[in-house]
Amino acid sequence: MSLTAFLLILASVFLHAGWNFISKKSVPSLAFYALSCGTAALLWLWPFLFSEFQSSQMPPNFWVLTFFSVLFEILYVGGLAYAYRKSDISLVYPLARALPLLMTALVTAVFGLGSRQPSPVAIFGMVIVFIGCLLMPLQNFRDFRWQVYFNPVIFLVILAAIGTTGYTVLDSCAMQEISRIYQKKNLLLTMSYLFFIEAGISLGALLLVCCNKTERLEFSRLVRTRSLWPILTGICSSSAYVLILLAMNFVTNVSYLQAFRQLSLPIGVLAGILILKESHSAPKLLGTLTIVVGLVIVALFP
């Protein structure tokens with residue numbers, strides 16, 4: 001991996017952990033993410049206008065994929081928002097990042113998606129991730145019992161993970177469709193697709209905001225106070241993904257990129273513990289380390 005790739009990934013890692021930290025600190029909501037994704041959509045609008053992407057050329061199945069991807073994205077931001085309102089970033093962030101790995105592997109295996117199945121070493125890494133996820137909610141090791149995992153926070157994290165799994169699979173299929181039609185992979189084409197996704201999330205979240213009095217009041221407060229946090233979140237989340245796309249041009253093996261991206265997990269956990277003064281039980285710290293190790297194994301030995 002070149003120095004350029006490392007610096008791009010490192011910047012992306014801090015931006016990804018940063019926008020999640022901002023979300024948690026700002027007590028997020030659907031209204032918050034509606035404004036955040038609206039900001040991201042505006043950022044992607046300019047690449048879309050200057051790209052060769054033509055909406056009329058895209059077949060109906062592409063728009064079906066995009067529509068359902070947006071629905072899963074809304075499920076993700078909704079689950080994430082309410083999980084952050086109820087619990088610590090040092091718990092929610094690692095679980096929301098790790099569980100989709102297990103779910104995506106299951107979905108691709110069941111539906112026969114992808115050109116290859118995970119290697120035995122990668123499956124071992126997934127088992128390690130699962131063990132880390134089991135440790136995260138515990139206050140001490142003696143608390144290990146199934147009742148610990150039946151609570152609203154875990155339910156919301158699972159919803160967010162289902163959302164991530166859904167949009168990951170659907171986005172992959174949509175990007176394959178774009179590559180098939182345009183016969184190439186292009187950064188501007190990818191940004192064009194992201195414009196539709198972010199705009200769709202913003203509009204869908206706004207529709208749900210209109211149906212909920214609490215969310216309407218929160219949206220009004222964010223607009224009235226001219227809060228910059230949703231805007232900053234949208235910029236950070238968008239920039240983090242662009243940096244990863246750019247880094248792909250400077251690595252010889254994309255698995256190394258995925259491995260280094262997992263640095264965002266301990267950064268997010270440490271931010272919660274050191275800055276927000278969240279609890280840091282031994283199982284939580286060990287669970288975080290276990291998840292990082294498992295994710296790195298999966299990334300390096302796919």
# chains A, B, ... in the order shown; residues from 1 in each chain; ligands from 1

call {"tool": "residues_around", "arguments": {"residues": "Tyr182 (chain A)", "least_positions_apart": "6", "cutoff": "12 Å", "atoms": "only C-alpha atoms", "output": "ChimeraX atom specification"}}
result
/A:51-54,57-58,175-176,188-190

call {"tool": "residues_around", "arguments": {"residues": "Thr104 (chain A)", "least_positions_apart": "4", "cutoff": "8 Å", "atoms": "only C-alpha atoms", "output": "mmCIF file with N, CA and C atoms, in the first residue's frame"}}
result
data_model
loop_
_atom_site.group_PDB
_atom_site.id
_atom_site.type_symbol
_atom_site.label_atom_id
_atom_site.label_comp_id
_atom_site.auth_asym_id
_atom_site.auth_seq_id
_atom_site.Cartn_x
_atom_site.Cartn_y
_atom_site.Cartn_z
ATOM 1 N N PRO A 100 -23.420 -6.045 10.105
ATOM 2 C CA PRO A 100 -23.681 -6.194 8.666
ATOM 3 C C PRO A 100 -22.728 -7.152 7.961
ATOM 4 N N THR A 108 -25.660 -13.213 0.942
ATOM 5 C CA THR A 108 -24.984 -13.592 -0.315
ATOM 6 C C THR A 108 -24.886 -15.107 -0.458
ATOM 7 N N THR A 165 -27.028 -3.980 5.547
ATOM 8 C CA THR A 165 -26.925 -5.197 4.725
ATOM 9 C C THR A 165 -27.727 -5.050 3.442
ATOM 10 N N GLY A 166 -28.948 -4.549 3.575
ATOM 11 C CA GLY A 166 -29.811 -4.404 2.409
ATOM 12 C C GLY A 166 -29.247 -3.451 1.375
ATOM 13 N N THR A 168 -26.185 -2.421 1.050
ATOM 14 C CA THR A 168 -24.890 -2.879 0.544
ATOM 15 C C THR A 168 -25.072 -3.838 -0.625
ATOM 16 N N VAL A 169 -25.958 -4.811 -0.458
ATOM 17 C CA VAL A 169 -26.222 -5.794 -1.514
ATOM 18 C C VAL A 169 -26.853 -5.126 -2.730
#

call {"tool": "closest_residue", "arguments": {"among": "A:Val223, A:Leu265, A:Leu270, A:Ile9", "to": "Ala98 (chain A)", "atoms": "only C-alpha atoms"}}
result
A:Leu265

call {"tool": "residues_around", "arguments": {"residues": "Phe124 (chain A)", "least_positions_apart": "5", "cutoff": "9 Å", "atoms": "only C-alpha atoms", "output": "ChimeraX atom specification"}}
result
/A:119,129,294,297-298

call {"tool": "write_last_selection", "arguments": {"atoms": "N, CA and C atoms", "output": "PDB file, in the first residue's frame"}}
result
ATOM      1  N   SER A 119     -13.633 -17.569   2.295  1.00  0.00           N
ATOM      2  CA  SER A 119     -12.664 -18.620   2.582  1.00  0.00           C
ATOM      3  C   SER A 119     -12.863 -19.131   4.008  1.00  0.00           C
ATOM      4  N   VAL A 129     -15.814 -12.057  15.015  1.00  0.00           N
ATOM      5  CA  VAL A 129     -16.646 -10.845  15.047  1.00  0.00           C
ATOM      6  C   VAL A 129     -17.914 -11.105  15.854  1.00  0.00           C
ATOM      7  N   GLY A 294     -11.341  -9.617  14.132  1.00  0.00           N
ATOM      8  CA  GLY A 294     -12.139 -10.418  13.211  1.00  0.00           C
ATOM      9  C   GLY A 294     -12.336  -9.757  11.871  1.00  0.00           C
ATOM     10  N   ILE A 297      -9.133  -9.904   9.826  1.00  0.00           N
ATOM     11  CA  ILE A 297      -8.938 -11.242   9.276  1.00  0.00           C
ATOM     12  C   ILE A 297      -9.796 -11.437   8.027  1.00  0.00           C
ATOM     13  N   VAL A 298     -11.065 -11.015   8.116  1.00  0.00           N
ATOM     14  CA  VAL A 298     -11.963 -11.154   6.964  1.00  0.00           C
ATOM     15  C   VAL A 298     -11.475 -10.334   5.778  1.00  0.00           C
TER      16      VAL A 298
END

call {"tool": "residues_around", "arguments": {"residues": "region 203-214 of chain A", "least_positions_apart": "6", "cutoff": "9 Å", "atoms": "only C-alpha atoms", "output": "ChimeraX atom specification"}}
result
/A:30-31,33-35,37-38,70-71,74,77-78

call {"tool": "write_last_selection", "arguments": {"atoms": "N, CA and C atoms", "output": "PDB file, in the first residue's frame"}}
result
ATOM      1  N   LEU A  30     -34.535  11.433  12.787  1.00  0.00           N
ATOM      2  CA  LEU A  30     -34.770  11.346  11.345  1.00  0.00           C
ATOM      3  C   LEU A  30     -34.666  12.729  10.708  1.00  0.00           C
ATOM      4  N   ALA A  31     -35.109  13.749  11.434  1.00  0.00           N
ATOM      5  CA  ALA A  31     -35.000  15.124  10.941  1.00  0.00           C
ATOM      6  C   ALA A  31     -33.535  15.500  10.732  1.00  0.00           C
ATOM      7  N   TYR A  33     -31.003  13.459  10.091  1.00  0.00           N
ATOM      8  CA  TYR A  33     -30.434  12.770   8.928  1.00  0.00           C
ATOM      9  C   TYR A  33     -31.076  13.202   7.613  1.00  0.00           C
ATOM     10  N   ALA A  34     -32.306  13.688   7.679  1.00  0.00           N
ATOM     11  CA  ALA A  34     -32.917  14.238   6.465  1.00  0.00           C
ATOM     12  C   ALA A  34     -32.111  15.438   5.970  1.00  0.00           C
ATOM     13  N   LEU A  35     -31.726  16.312   6.903  1.00  0.00           N
ATOM     14  CA  LEU A  35     -30.905  17.471   6.544  1.00  0.00           C
ATOM     15  C   LEU A  35     -29.486  17.048   6.165  1.00  0.00           C
ATOM     16  N   CYS A  37     -28.464  14.108   4.844  1.00  0.00           N
ATOM     17  CA  CYS A  37     -28.457  13.475   3.513  1.00  0.00           C
ATOM     18  C   CYS A  37     -28.803  14.483   2.420  1.00  0.00           C
ATOM     19  N   GLY A  38     -29.616  15.480   2.764  1.00  0.00           N
ATOM     20  CA  GLY A  38     -29.890  16.544   1.798  1.00  0.00           C
ATOM     21  C   GLY A  38     -28.627  17.306   1.454  1.00  0.00           C
ATOM     22  N   VAL A  70     -32.757   2.825  -1.160  1.00  0.00           N
ATOM     23  CA  VAL A  70     -33.138   4.005  -0.377  1.00  0.00           C
ATOM     24  C   VAL A  70     -33.963   3.591   0.846  1.00  0.00           C
ATOM     25  N   LEU A  71     -34.882   2.643   0.669  1.00  0.00           N
ATOM     26  CA  LEU A  71     -35.690   2.179   1.808  1.00  0.00           C
ATOM     27  C   LEU A  71     -34.810   1.576   2.895  1.00  0.00           C
ATOM     28  N   ILE A  74     -32.945   4.323   4.714  1.00  0.00           N
ATOM     29  CA  ILE A  74     -33.788   5.004   5.693  1.00  0.00           C
ATOM     30  C   ILE A  74     -33.928   4.160   6.953  1.00  0.00           C
ATOM     31  N   VAL A  77     -30.565   4.714   8.849  1.00  0.00           N
ATOM     32  CA  VAL A  77     -30.407   5.982   9.578  1.00  0.00           C
ATOM     33  C   VAL A  77     -31.421   6.092  10.710  1.00  0.00           C
ATOM     34  N   GLY A  78     -32.616   5.520  10.511  1.00  0.00           N
ATOM     35  CA  GLY A  78     -33.609   5.546  11.586  1.00  0.00           C
ATOM     36  C   GLY A  78     -33.165   4.711  12.773  1.00  0.00           C
TER      37      GLY A  78
END

call {"tool": "residues_around", "arguments": {"residues": "region 282-291 of chain A", "least_positions_apart": "3", "cutoff": "9 Å", "atoms": "only C-alpha atoms", "output": "VMD selection string"}}
result
chain A and resid 90 to 91 94 to 95 98 125 to 126 128 to 141 265 to 266 269 279 294 to 296

call {"tool": "select_by_dssp", "arguments": {"residues": "region 41-248 of chain A", "states": "alpha helix (DSSP H)", "output": "VMD selection string"}}
result
chain A and resid 41 to 50 60 to 86 89 to 111 120 to 135 152 to 182 187 to 210 213 to 224 229 to 247

call {"tool": "residues_around", "arguments": {"residues": "Ser12 (chain A)", "least_positions_apart": "3", "cutoff": "6 Å", "atoms": "only C-alpha atoms", "output": "list in words"}}
result
Ile9, Leu15, Ala240 and Leu243 of chain A

call {"tool": "closest_residue", "arguments": {"among": "A:Cys236, A:Ala259, A:Ile181, A:Ile273", "to": "Ile22 (chain A)", "atoms": "only C-alpha atoms"}}
result
A:Cys236

call {"tool": "atom_distance", "arguments": {"atom1": "CA of Ala160 (chain A)", "atom2": "CA of Trp46 (chain A)"}}
result
29.1 Å

call {"tool": "atom_distance", "arguments": {"atom1": "CA of Leu187 (chain A)", "atom2": "CA of Leu300 (chain A)"}}
result
24.6 Å

call {"tool": "residues_around", "arguments": {"residues": "Ser227 (chain A)", "least_positions_apart": "5", "cutoff": "10 Å", "atoms": "only C-alpha atoms", "output": "ChimeraX atom specification"}}
result
/A:26,32,35,221-222,232

call {"tool": "write_last_selection", "arguments": {"atoms": "all heavy atoms", "output": "PDB file, in the first residue's frame"}}
result
ATOM      1  N   SER A  26     -25.065  15.125  18.987  1.00  0.00           N
ATOM      2  CA  SER A  26     -26.159  16.036  18.630  1.00  0.00           C
ATOM      3  C   SER A  26     -27.531  15.457  18.937  1.00  0.00           C
ATOM      4  O   SER A  26     -28.547  16.088  18.619  1.00  0.00           O
ATOM      5  CB  SER A  26     -26.082  16.376  17.143  1.00  0.00           C
ATOM      6  OG  SER A  26     -24.817  16.906  16.803  1.00  0.00           O
ATOM      7  N   PHE A  32     -32.704  15.100  11.673  1.00  0.00           N
ATOM      8  CA  PHE A  32     -31.261  15.369  11.589  1.00  0.00           C
ATOM      9  C   PHE A  32     -30.677  14.741  10.328  1.00  0.00           C
ATOM     10  O   PHE A  32     -29.956  15.393   9.566  1.00  0.00           O
ATOM     11  CB  PHE A  32     -30.584  14.804  12.841  1.00  0.00           C
ATOM     12  CG  PHE A  32     -29.101  15.041  12.907  1.00  0.00           C
ATOM     13  CD1 PHE A  32     -28.587  16.123  13.604  1.00  0.00           C
ATOM     14  CD2 PHE A  32     -28.206  14.174  12.296  1.00  0.00           C
ATOM     15  CE1 PHE A  32     -27.214  16.339  13.687  1.00  0.00           C
ATOM     16  CE2 PHE A  32     -26.835  14.377  12.366  1.00  0.00           C
ATOM     17  CZ  PHE A  32     -26.343  15.458  13.064  1.00  0.00           C
ATOM     18  N   LEU A  35     -31.726  16.312   6.903  1.00  0.00           N
ATOM     19  CA  LEU A  35     -30.905  17.471   6.544  1.00  0.00           C
ATOM     20  C   LEU A  35     -29.486  17.048   6.165  1.00  0.00           C
ATOM     21  O   LEU A  35     -28.895  17.596   5.219  1.00  0.00           O
ATOM     22  CB  LEU A  35     -30.857  18.448   7.715  1.00  0.00           C
ATOM     23  CG  LEU A  35     -32.176  19.147   8.063  1.00  0.00           C
ATOM     24  CD1 LEU A  35     -32.051  19.923   9.366  1.00  0.00           C
ATOM     25  CD2 LEU A  35     -32.595  20.073   6.926  1.00  0.00           C
ATOM     26  N   ARG A 221     -36.743  22.919  14.901  1.00  0.00           N
ATOM     27  CA  ARG A 221     -35.685  23.441  15.783  1.00  0.00           C
ATOM     28  C   ARG A 221     -34.347  23.516  15.060  1.00  0.00           C
ATOM     29  O   ARG A 221     -33.617  24.519  15.168  1.00  0.00           O
ATOM     30  CB  ARG A 221     -35.551  22.546  17.016  1.00  0.00           C
ATOM     31  CG  ARG A 221     -34.534  23.049  18.035  1.00  0.00           C
ATOM     32  CD  ARG A 221     -34.256  22.023  19.115  1.00  0.00           C
ATOM     33  NE  ARG A 221     -33.503  20.886  18.591  1.00  0.00           N
ATOM     34  CZ  ARG A 221     -32.186  20.882  18.402  1.00  0.00           C
ATOM     35  NH1 ARG A 221     -31.461  21.969  18.675  1.00  0.00           N
ATOM     36  NH2 ARG A 221     -31.586  19.812  17.930  1.00  0.00           N
ATOM     37  N   LEU A 222     -34.019  22.465  14.308  1.00  0.00           N
ATOM     38  CA  LEU A 222     -32.744  22.442  13.586  1.00  0.00           C
ATOM     39  C   LEU A 222     -32.673  23.563  12.551  1.00  0.00           C
ATOM     40  O   LEU A 222     -31.638  24.209  12.379  1.00  0.00           O
ATOM     41  CB  LEU A 222     -32.555  21.083  12.912  1.00  0.00           C
ATOM     42  CG  LEU A 222     -32.301  19.893  13.848  1.00  0.00           C
ATOM     43  CD1 LEU A 222     -32.380  18.587  13.072  1.00  0.00           C
ATOM     44  CD2 LEU A 222     -30.946  20.029  14.525  1.00  0.00           C
ATOM     45  N   LEU A 232     -22.569  19.409   8.682  1.00  0.00           N
ATOM     46  CA  LEU A 232     -21.214  18.877   8.868  1.00  0.00           C
ATOM     47  C   LEU A 232     -21.216  17.348   8.771  1.00  0.00           C
ATOM     48  O   LEU A 232     -20.291  16.756   8.199  1.00  0.00           O
ATOM     49  CB  LEU A 232     -20.684  19.322  10.225  1.00  0.00           C
ATOM     50  CG  LEU A 232     -19.214  18.997  10.529  1.00  0.00           C
ATOM     51  CD1 LEU A 232     -18.302  19.610   9.466  1.00  0.00           C
ATOM     52  CD2 LEU A 232     -18.832  19.491  11.918  1.00  0.00           C
TER      53      LEU A 232
END

call {"tool": "atom_distance", "arguments": {"atom1": "CA of Ala96 (chain A)", "atom2": "CA of Tyr193 (chain A)"}}
result
23.7 Å

call {"tool": "closest_atom_pairs", "arguments": {"of": "region 142-195 of chain A", "to": "region 63-69 of chain A", "cutoff": "8 Å", "atoms": "only C-alpha atoms", "output": "JSON lines"}}
result
{"residue": "A:Gly166", "atom": "CA", "partner": "A:Ser69", "partner_atom": "CA", "distance": 6.7}
{"residue": "A:Tyr167", "atom": "CA", "partner": "A:Ser69", "partner_atom": "CA", "distance": 4.5}
{"residue": "A:Thr168", "atom": "CA", "partner": "A:Ser69", "partner_atom": "CA", "distance": 8.0}
{"residue": "A:Leu170", "atom": "CA", "partner": "A:Ser69", "partner_atom": "CA", "distance": 5.7}
{"residue": "A:Asp171", "atom": "CA", "partner": "A:Ser69", "partner_atom": "CA", "distance": 6.6}
{"residue": "A:Cys173", "atom": "CA", "partner": "A:Leu65", "partner_atom": "CA", "distance": 7.5}
{"residue": "A:Ala174", "atom": "CA", "partner": "A:Leu65", "partner_atom": "CA", "distance": 6.1}
